[in-house]
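final.pdb follows; it contains PDB, C-alpha atoms.
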```
MODEL        1
ATOM      1  CA  MET A   1      75.813  18.159  73.305
ATOM      2  CA  MET A   2      73.987  21.347  72.360
ATOM      3  CA  LYS A   3      72.281  21.376  75.752
ATOM      4  CA  ASN A   4      75.627  21.127  77.558
ATOM      5  CA  LEU A   5      77.052  23.915  75.356
ATOM      6  CA  SER A   6      74.092  26.170  76.160
ATOM      7  CA  LEU A   7      74.541  25.534  79.881
ATOM      8  CA  SER A   8      78.259  26.331  79.648
ATOM      9  CA  ILE A   9      77.573  29.600  77.827
ATOM     10  CA  LEU A  10      74.940  30.520  80.414
ATOM     11  CA  ALA A  11      77.304  29.733  83.293
ATOM     12  CA  LEU A  12      80.082  31.788  81.694
ATOM     13  CA  ALA A  13      77.714  34.716  81.164
ATOM     14  CA  THR A  14      76.629  34.497  84.801
ATOM     15  CA  ILE A  15      80.253  34.503  86.018
ATOM     16  CA  LEU A  16      81.101  37.475  83.811
ATOM     17  CA  SER A  17      77.993  39.267  85.040
ATOM     18  CA  PHE A  18      78.978  38.729  88.670
ATOM     19  CA  GLY A  19      82.524  39.778  87.871
ATOM     20  CA  CYS A  20      81.357  43.066  86.320
ATOM     21  CA  GLN A  21      79.053  43.750  89.215
ATOM     22  CA  GLU A  22      81.828  43.115  91.706
ATOM     23  CA  GLU A  23      84.205  45.346  89.725
ATOM     24  CA  LYS A  24      81.730  48.212  90.028
ATOM     25  CA  THR A  25      81.091  47.694  93.749
ATOM     26  CA  PHE A  26      82.365  50.649  95.777
ATOM     27  CA  ASP A  27      82.773  51.180  99.493
ATOM     28  CA  ALA A  28      81.371  54.720  99.510
ATOM     29  CA  SER A  29      80.291  57.482  97.152
ATOM     30  CA  GLY A  30      79.860  61.242  97.238
ATOM     31  CA  ALA A  31      80.591  64.476  95.413
ATOM     32  CA  PHE A  32      83.649  66.649  94.924
ATOM     33  CA  GLU A  33      83.914  69.969  96.709
ATOM     34  CA  ALA A  34      86.602  72.535  97.556
ATOM     35  CA  ASP A  35      87.492  74.844 100.408
ATOM     36  CA  GLU A  36      85.941  78.043  99.078
ATOM     37  CA  THR A  37      86.944  81.482 100.339
ATOM     38  CA  ILE A  38      84.909  84.656  99.795
ATOM     39  CA  ILE A  39      87.136  87.718  99.424
ATOM     40  CA  SER A  40      85.459  90.942 100.577
ATOM     41  CA  ALA A  41      86.311  94.621 100.235
ATOM     42  CA  GLU A  42      88.113  96.351 103.098
ATOM     43  CA  ALA A  43      87.494  99.930 101.982
ATOM     44  CA  ALA A  44      84.540 102.024 100.823
ATOM     45  CA  GLY A  45      84.458 103.713  97.439
ATOM     46  CA  VAL A  46      84.320 103.121  93.707
ATOM     47  CA  LEU A  47      86.125 100.120  92.224
ATOM     48  CA  LYS A  48      88.389 102.063  89.892
ATOM     49  CA  VAL A  49      90.154  98.900  88.679
ATOM     50  CA  PHE A  50      88.932  95.320  89.089
ATOM     51  CA  LYS A  51      90.751  92.967  86.703
ATOM     52  CA  LEU A  52      89.034  89.671  87.384
ATOM     53  CA  GLU A  53      87.085  87.024  85.468
ATOM     54  CA  GLU A  54      85.407  83.813  86.579
ATOM     55  CA  GLY A  55      87.624  80.811  85.903
ATOM     56  CA  GLN A  56      90.774  82.934  86.124
ATOM     57  CA  THR A  57      93.711  81.481  88.041
ATOM     58  CA  LEU A  58      95.266  83.882  90.542
ATOM     59  CA  GLN A  59      98.484  83.790  92.517
ATOM     60  CA  ALA A  60      98.813  84.713  96.186
ATOM     61  CA  GLY A  61      99.789  88.385  96.585
ATOM     62  CA  GLU A  62      98.596  89.343  93.096
ATOM     63  CA  GLN A  63      97.012  92.795  92.866
ATOM     64  CA  ILE A  64      93.758  92.681  90.940
ATOM     65  CA  GLY A  65      92.393  96.170  91.504
ATOM     66  CA  TYR A  66      91.905  99.069  93.863
ATOM     67  CA  VAL A  67      89.222 101.291  95.375
ATOM     68  CA  ASP A  68      89.253 105.062  94.749
ATOM     69  CA  THR A  69      91.754 106.621  97.177
ATOM     70  CA  VAL A  70      91.879 110.285  96.102
ATOM     71  CA  GLN A  71      90.239 111.709  99.226
ATOM     72  CA  LEU A  72      92.373 109.561 101.518
ATOM     73  CA  TYR A  73      95.538 110.697  99.765
ATOM     74  CA  LEU A  74      94.548 114.378  99.921
ATOM     75  CA  ARG A  75      93.812 114.037 103.643
ATOM     76  CA  LYS A  76      97.250 112.501 104.120
ATOM     77  CA  LEU A  77      98.907 115.404 102.263
ATOM     78  CA  GLN A  78      97.038 117.898 104.458
ATOM     79  CA  LEU A  79      98.232 116.217 107.657
ATOM     80  CA  GLU A  80     101.810 116.021 106.396
ATOM     81  CA  ALA A  81     101.713 119.765 105.633
ATOM     82  CA  GLN A  82     100.384 120.496 109.124
ATOM     83  CA  ILE A  83     103.167 118.442 110.704
ATOM     84  CA  THR A  84     105.786 120.234 108.607
ATOM     85  CA  ALA A  85     104.440 123.632 109.677
ATOM     86  CA  LEU A  86     104.268 122.565 113.320
ATOM     87  CA  THR A  87     107.748 121.063 113.498
ATOM     88  CA  GLY A  88     109.117 124.172 111.793
ATOM     89  CA  ARG A  89     108.365 126.028 115.036
ATOM     90  CA  LYS A  90     110.771 123.860 117.032
ATOM     91  CA  PRO A  91     113.578 126.004 118.510
ATOM     92  CA  ASN A  92     117.153 125.498 117.361
ATOM     93  CA  ILE A  93     118.634 124.642 120.749
ATOM     94  CA  SER A  94     122.303 124.732 119.761
ATOM     95  CA  LEU A  95     121.895 128.088 118.010
ATOM     96  CA  GLN A  96     120.006 129.691 120.887
ATOM     97  CA  LEU A  97     122.609 128.475 123.404
ATOM     98  CA  ALA A  98     125.568 129.603 121.307
ATOM     99  CA  ALA A  99     125.784 133.105 122.891
ATOM    100  CA  LEU A 100     125.666 131.733 126.433
ATOM    101  CA  ASN A 101     128.298 129.114 125.591
ATOM    102  CA  GLU A 102     130.612 131.875 124.341
ATOM    103  CA  GLN A 103     130.031 133.839 127.545
ATOM    104  CA  LEU A 104     130.881 130.700 129.521
ATOM    105  CA  LYS A 105     134.155 130.238 127.668
ATOM    106  CA  THR A 106     135.113 133.870 128.337
ATOM    107  CA  ALA A 107     134.208 133.569 132.024
ATOM    108  CA  GLU A 108     136.214 130.349 132.385
ATOM    109  CA  ARG A 109     139.274 132.015 130.811
ATOM    110  CA  GLU A 110     138.902 134.920 133.232
ATOM    111  CA  GLN A 111     138.599 132.478 136.108
ATOM    112  CA  THR A 112     141.807 130.762 135.069
ATOM    113  CA  ARG A 113     143.634 134.086 134.692
ATOM    114  CA  VAL A 114     142.547 135.326 138.143
ATOM    115  CA  SER A 115     143.494 131.996 139.690
ATOM    116  CA  ASN A 116     147.021 132.332 138.326
ATOM    117  CA  LEU A 117     147.224 135.911 139.634
ATOM    118  CA  VAL A 118     146.151 134.767 143.091
ATOM    119  CA  LYS A 119     148.897 132.177 143.083
ATOM    120  CA  ALA A 120     151.374 134.991 142.242
ATOM    121  CA  ASP A 121     149.899 137.256 144.936
ATOM    122  CA  ALA A 122     148.851 139.674 142.187
ATOM    123  CA  ALA A 123     145.100 139.331 142.883
ATOM    124  CA  THR A 124     142.915 138.839 145.921
ATOM    125  CA  PRO A 125     140.904 135.684 146.734
ATOM    126  CA  LYS A 126     137.742 137.751 146.468
ATOM    127  CA  GLN A 127     138.473 138.435 142.796
ATOM    128  CA  LEU A 128     138.783 134.665 142.234
ATOM    129  CA  ASP A 129     135.515 134.079 144.065
ATOM    130  CA  ASP A 130     133.804 136.651 141.842
ATOM    131  CA  ALA A 131     135.185 134.997 138.678
ATOM    132  CA  THR A 132     134.061 131.564 139.892
ATOM    133  CA  ALA A 133     130.594 132.885 140.745
ATOM    134  CA  GLN A 134     130.314 134.336 137.229
ATOM    135  CA  VAL A 135     131.128 130.913 135.700
ATOM    136  CA  ASP A 136     128.550 129.180 137.892
ATOM    137  CA  LEU A 137     125.927 131.807 136.992
ATOM    138  CA  ILE A 138     126.389 131.332 133.261
ATOM    139  CA  LYS A 139     126.255 127.540 133.635
ATOM    140  CA  ALA A 140     122.964 127.848 135.510
ATOM    141  CA  GLN A 141     121.594 130.133 132.811
ATOM    142  CA  ILE A 142     122.569 127.567 130.142
ATOM    143  CA  GLN A 143     120.831 124.738 132.013
ATOM    144  CA  ALA A 144     117.679 126.809 132.512
ATOM    145  CA  GLN A 145     117.591 127.877 128.870
ATOM    146  CA  LYS A 146     118.200 124.313 127.699
ATOM    147  CA  SER A 147     115.358 123.018 129.894
ATOM    148  CA  THR A 148     112.964 125.662 128.532
ATOM    149  CA  LEU A 149     113.899 124.868 124.928
ATOM    150  CA  ASN A 150     113.560 121.110 125.501
ATOM    151  CA  ILE A 151     110.095 121.565 127.025
ATOM    152  CA  SER A 152     109.056 123.686 124.041
ATOM    153  CA  THR A 153     110.431 121.084 121.591
ATOM    154  CA  GLN A 154     108.702 118.219 123.409
ATOM    155  CA  GLY A 155     105.410 120.126 123.442
ATOM    156  CA  ILE A 156     105.540 120.595 119.673
ATOM    157  CA  SER A 157     106.384 116.899 119.212
ATOM    158  CA  ASN A 158     103.414 115.963 121.412
ATOM    159  CA  ASP A 159     101.134 118.162 119.291
ATOM    160  CA  ALA A 160     102.396 116.409 116.132
ATOM    161  CA  SER A 161     101.952 112.856 117.516
ATOM    162  CA  PRO A 162      98.152 112.633 116.951
ATOM    163  CA  MET A 163      98.660 113.772 113.366
ATOM    164  CA  GLU A 164     101.288 111.086 112.831
ATOM    165  CA  VAL A 165      98.820 108.502 114.163
ATOM    166  CA  GLN A 166      96.193 109.796 111.722
ATOM    167  CA  ILE A 167      98.699 109.450 108.881
ATOM    168  CA  ALA A 168      99.378 105.856 109.961
ATOM    169  CA  GLN A 169      95.625 105.207 109.898
ATOM    170  CA  LEU A 170      95.381 106.704 106.424
ATOM    171  CA  ASN A 171      98.308 104.589 105.236
ATOM    172  CA  ASP A 172      96.477 101.519 106.545
ATOM    173  CA  GLN A 173      93.296 102.568 104.721
ATOM    174  CA  LEU A 174      95.278 103.258 101.555
ATOM    175  CA  GLY A 175      96.788  99.785 101.810
ATOM    176  CA  LYS A 176      93.366  98.200 102.283
ATOM    177  CA  SER A 177      92.116 100.075  99.226
ATOM    178  CA  GLN A 178      94.459  97.897  97.162
ATOM    179  CA  ILE A 179      92.704  94.611  96.351
ATOM    180  CA  ILE A 180      95.372  91.961  96.873
ATOM    181  CA  ASN A 181      94.467  88.320  96.291
ATOM    182  CA  PRO A 182      95.398  86.441  99.491
ATOM    183  CA  MET A 183      95.692  82.881  98.156
ATOM    184  CA  ALA A 184      96.468  80.941  95.012
ATOM    185  CA  GLY A 185      93.419  79.444  93.343
ATOM    186  CA  THR A 186      90.697  79.692  90.717
ATOM    187  CA  VAL A 187      87.965  82.329  90.720
ATOM    188  CA  LEU A 188      84.633  80.536  91.103
ATOM    189  CA  THR A 189      82.210  83.473  91.305
ATOM    190  CA  LYS A 190      82.539  87.216  90.697
ATOM    191  CA  TYR A 191      80.219  89.418  92.755
ATOM    192  CA  ALA A 192      81.251  92.949  91.697
ATOM    193  CA  GLU A 193      82.175  94.864  88.566
ATOM    194  CA  GLN A 194      84.545  97.725  87.857
ATOM    195  CA  ASN A 195      83.146 101.228  88.590
ATOM    196  CA  GLU A 196      80.629  99.843  91.107
ATOM    197  CA  MET A 197      80.433 101.174  94.660
ATOM    198  CA  THR A 198      81.737  98.850  97.328
ATOM    199  CA  ALA A 199      82.014  98.920 101.113
ATOM    200  CA  PRO A 200      83.916  97.075 103.846
ATOM    201  CA  GLY A 201      82.638  93.519 104.115
ATOM    202  CA  LYS A 202      80.955  93.503 100.701
ATOM    203  CA  PRO A 203      81.878  90.291  98.779
ATOM    204  CA  LEU A 204      83.990  90.805  95.675
ATOM    205  CA  TYR A 205      84.678  87.242  94.508
ATOM    206  CA  LYS A 206      84.884  83.619  95.594
ATOM    207  CA  ILE A 207      88.091  81.635  95.125
ATOM    208  CA  ALA A 208      89.186  78.059  95.775
ATOM    209  CA  ASP A 209      92.407  76.114  95.349
ATOM    210  CA  LEU A 210      91.419  73.356  92.899
ATOM    211  CA  SER A 211      94.889  71.815  92.649
ATOM    212  CA  ASN A 212      93.886  69.599  95.571
ATOM    213  CA  ILE A 213      90.158  68.899  95.552
ATOM    214  CA  ILE A 214      88.047  67.202  98.221
ATOM    215  CA  LEU A 215      85.738  64.218  97.740
ATOM    216  CA  ARG A 216      83.148  64.092 100.543
ATOM    217  CA  VAL A 217      81.751  60.570 100.845
ATOM    218  CA  TYR A 218      79.537  58.827 103.391
ATOM    219  CA  ILE A 219      80.156  55.509 105.098
ATOM    220  CA  SER A 220      78.049  53.357 107.389
ATOM    221  CA  GLY A 221      78.735  52.775 111.044
ATOM    222  CA  ASN A 222      80.052  49.301 110.231
ATOM    223  CA  GLN A 223      82.659  50.818 107.923
ATOM    224  CA  LEU A 224      83.822  53.392 110.468
ATOM    225  CA  SER A 225      86.330  50.987 112.022
ATOM    226  CA  GLN A 226      87.914  50.425 108.592
ATOM    227  CA  VAL A 227      89.050  54.023 108.077
ATOM    228  CA  LYS A 228      91.667  56.245 109.691
ATOM    229  CA  LEU A 229      93.244  59.618 108.998
ATOM    230  CA  GLY A 230      95.999  59.501 106.396
ATOM    231  CA  GLN A 231      94.676  56.269 104.919
ATOM    232  CA  LYS A 232      95.047  55.833 101.143
ATOM    233  CA  VAL A 233      91.935  55.050  99.103
ATOM    234  CA  THR A 234      91.234  54.483  95.425
ATOM    235  CA  VAL A 235      88.972  57.134  93.893
ATOM    236  CA  HIS A 236      86.812  56.162  90.913
ATOM    237  CA  THR A 237      85.204  58.656  88.552
ATOM    238  CA  ASP A 238      83.301  58.175  85.283
ATOM    239  CA  SER A 239      85.677  58.121  82.326
ATOM    240  CA  GLY A 240      82.941  59.079  79.855
ATOM    241  CA  ASP A 241      83.028  55.816  77.903
ATOM    242  CA  GLY A 242      81.184  53.683  80.430
ATOM    243  CA  GLY A 243      84.281  52.889  82.457
ATOM    244  CA  PHE A 244      86.008  54.418  85.450
ATOM    245  CA  ASP A 245      89.163  56.422  85.972
ATOM    246  CA  LYS A 246      91.193  55.612  89.075
ATOM    247  CA  THR A 247      93.105  58.064  91.259
ATOM    248  CA  GLU A 248      94.680  57.689  94.677
ATOM    249  CA  GLY A 249      93.358  59.881  97.481
ATOM    250  CA  THR A 250      94.049  60.363 101.185
ATOM    251  CA  ILE A 251      91.497  60.510 104.006
ATOM    252  CA  SER A 252      91.973  63.902 105.697
ATOM    253  CA  TRP A 253      88.870  64.163 107.919
ATOM    254  CA  ILE A 254      86.400  61.803 109.570
ATOM    255  CA  ASN A 255      83.224  63.109 111.170
ATOM    256  CA  ASP A 256      82.755  61.745 114.690
ATOM    257  CA  LYS A 257      79.006  62.356 114.578
ATOM    258  CA  ALA A 258      76.463  60.412 112.566
ATOM    259  CA  GLU A 259      74.035  62.193 110.247
ATOM    260  CA  PHE A 260      71.230  61.273 107.900
ATOM    261  CA  THR A 261      72.255  60.280 104.389
ATOM    262  CA  PRO A 262      72.139  63.373 102.091
ATOM    263  CA  LYS A 263      69.094  63.794  99.852
ATOM    264  CA  THR A 264      71.260  63.210  96.775
ATOM    265  CA  ILE A 265      71.028  59.481  97.589
ATOM    266  CA  GLN A 266      68.303  58.157  95.321
ATOM    267  CA  THR A 267      65.952  56.055  97.457
ATOM    268  CA  LYS A 268      63.967  57.267 100.456
ATOM    269  CA  ASP A 269      64.998  54.241 102.539
ATOM    270  CA  GLU A 270      68.670  54.925 101.921
ATOM    271  CA  ARG A 271      68.209  58.578 102.893
ATOM    272  CA  ALA A 272      66.839  57.485 106.267
ATOM    273  CA  ASN A 273      70.047  55.662 107.170
ATOM    274  CA  MET A 274      72.597  57.184 109.527
ATOM    275  CA  VAL A 275      76.049  57.628 108.006
ATOM    276  CA  TYR A 276      79.412  59.264 108.747
ATOM    277  CA  ALA A 277      80.960  61.828 106.408
ATOM    278  CA  ILE A 278      84.641  61.626 105.514
ATOM    279  CA  LYS A 279      86.802  63.853 103.330
ATOM    280  CA  VAL A 280      89.301  62.496 100.840
ATOM    281  CA  ASP A 281      92.018  64.797  99.484
ATOM    282  CA  VAL A 282      92.550  64.130  95.777
ATOM    283  CA  PRO A 283      95.291  65.718  93.626
ATOM    284  CA  ASN A 284      93.647  67.502  90.724
ATOM    285  CA  GLU A 285      95.194  68.408  87.402
ATOM    286  CA  GLY A 286      91.951  69.856  86.109
ATOM    287  CA  LYS A 287      90.022  66.626  85.598
ATOM    288  CA  PHE A 288      87.860  66.880  88.708
ATOM    289  CA  LYS A 289      85.201  69.588  89.029
ATOM    290  CA  ILE A 290      83.149  70.774  91.986
ATOM    291  CA  GLY A 291      79.863  68.837  92.075
ATOM    292  CA  MET A 292      81.136  65.790  90.167
ATOM    293  CA  TYR A 293      80.330  62.409  91.678
ATOM    294  CA  GLY A 294      82.982  59.965  92.754
ATOM    295  CA  GLU A 295      83.294  56.652  94.547
ATOM    296  CA  ILE A 296      86.045  55.131  96.658
ATOM    297  CA  ASN A 297      87.417  51.751  97.584
ATOM    298  CA  PHE A 298      89.422  51.249 100.740
ATOM    299  CA  GLN A 299      92.918  49.959 100.005
TER     300      GLN A 299
ENDMDL
END
```
Let me see the file written as structure tokens.
Amino acid sequence: MMKNLSLSILALATILSFGCQEEKTFDASGAFEADETIISAEAAGVLKVFKLEEGQTLQAGEQIGYVDTVQLYLRKLQLEAQITALTGRKPNISLQLAALNEQLKTAEREQTRVSNLVKADAATPKQLDDATAQVDLIKAQIQAQKSTLNISTQGISNDASPMEVQIAQLNDQLGKSQIINPMAGTVLTKYAEQNEMTAPGKPLYKIADLSNIILRVYISGNQLSQVKLGQKVTVHTDSGDGGFDKTEGTISWINDKAEFTPKTIQTKDERANMVYAIKVDVPNEGKFKIGMYGEINFQ
């Protein structure tokens, strides 16, 4: 009886052991990562303000600092003053044509008066011709004067155009001197400090959106036919008490080229195997960190 009881206990222990092992069998494993973006300076100068700390959460469009812009602004003021002085030399066309327009009105009245006299046989046709010629002369003078004034105005406008382009360039540089965060995310690394010199292309900080984190895992060639884009998988991570937490993820990328197993795999033989990398998008409420390990099971 005791022998049979011992065998039963042993069999039960074996079944439980196999059950535990099967429960902890995963289809693939890997580490969490994120799409990281390095934000660089677009202007040269001193970082007058740079309100940023590692681990800080930023919103898209949030201003976090600016580069010294005093010289740019003074240059802009100088160009604006030059344009104001230049455009002040533009002729007042309507004012300069006012005298000729008055002469034209007088000549047209005289033409009308002579025309009426001719109809009444009180004036000769030659007098009407002279009055008409006077009207035509003044009209020609007005057109010539207007053309000259328009050419002068256009010339001044052409001289001001390059300055307006320079002001537009300065406005663009002034805008790029403002450090505007382009995307929502968490600051991973800070590369610069306030009051340091910076230059275009110099990294300022690294940011990543951790609200949706990526688990990069590796599968064998035999498993490749089991996966497809958009497929749901179960993601397992250590719970800290010897168990596993489960989260649902979605396959977002499958590498079409085989590669050697990463060196993070423990044994040398396993590292020599050829595997395919896949990415699993996992919603993250702060539990998952970059570099953490995770495993998946295909649903």
Residues within 12 Å of range 157-160 of chain A, all atoms listed in the file, excluding chain neighbours under 6 positions, as a list in words: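 With the cut-off at 12 Å, the set is Leu79, Glu80, Ala81, Gln82, Ile83, Thr84, Ala85, Leu86, Thr87, Gly88, Arg89, Lys90, Pro91, Asn150, Ile151, Gln166 and Ile167 of chain A.
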Please determine the residues with any atom at most 10 Å from (78.0, 58.1, 100.0) (coordinates as given in the file, with all atoms listed in the file counting) and report them as a count of residues only. 23
Who sits within 8 Å of Gly65 in chain A, only C-alpha atoms, same chain under 5 positions skipped, as an MDAnalysis selection string: chainID A and resid 47:51 178:180
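Going from CA of Ile254 in chain A to CA of Ile290 in chain A covers 20.0 Å.
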What do you get, as number ranges by chain, if you spell out every residue that the PyMOL selection byres ((chain A and resi 181) around 7) selects here? A: 60-64, 179-180, 182-183
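Note that the spacing between CA of Ser161 in chain A and CA of Gly175 in chain A amounts to 21.1 Å.
If you look at CA of Gln96 in chain A and CA of Gln141 in chain A, they are 12.0 Å away from each other.
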Calculated over only C-alpha atoms, which of the candidates A:Ala122, A:Val135, A:Gly230, A:Ala208 has the smallest distance to Lys105 in chain A?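 Of all the options, A:Val135 lies closest to Lys105 in chain A.
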Determine the nearest neighbour of Lys246 in chain A from the options A:Gln223, A:Asn297, A:Ser147, A:Asn273, counting all atoms listed in the file. A:Asn297
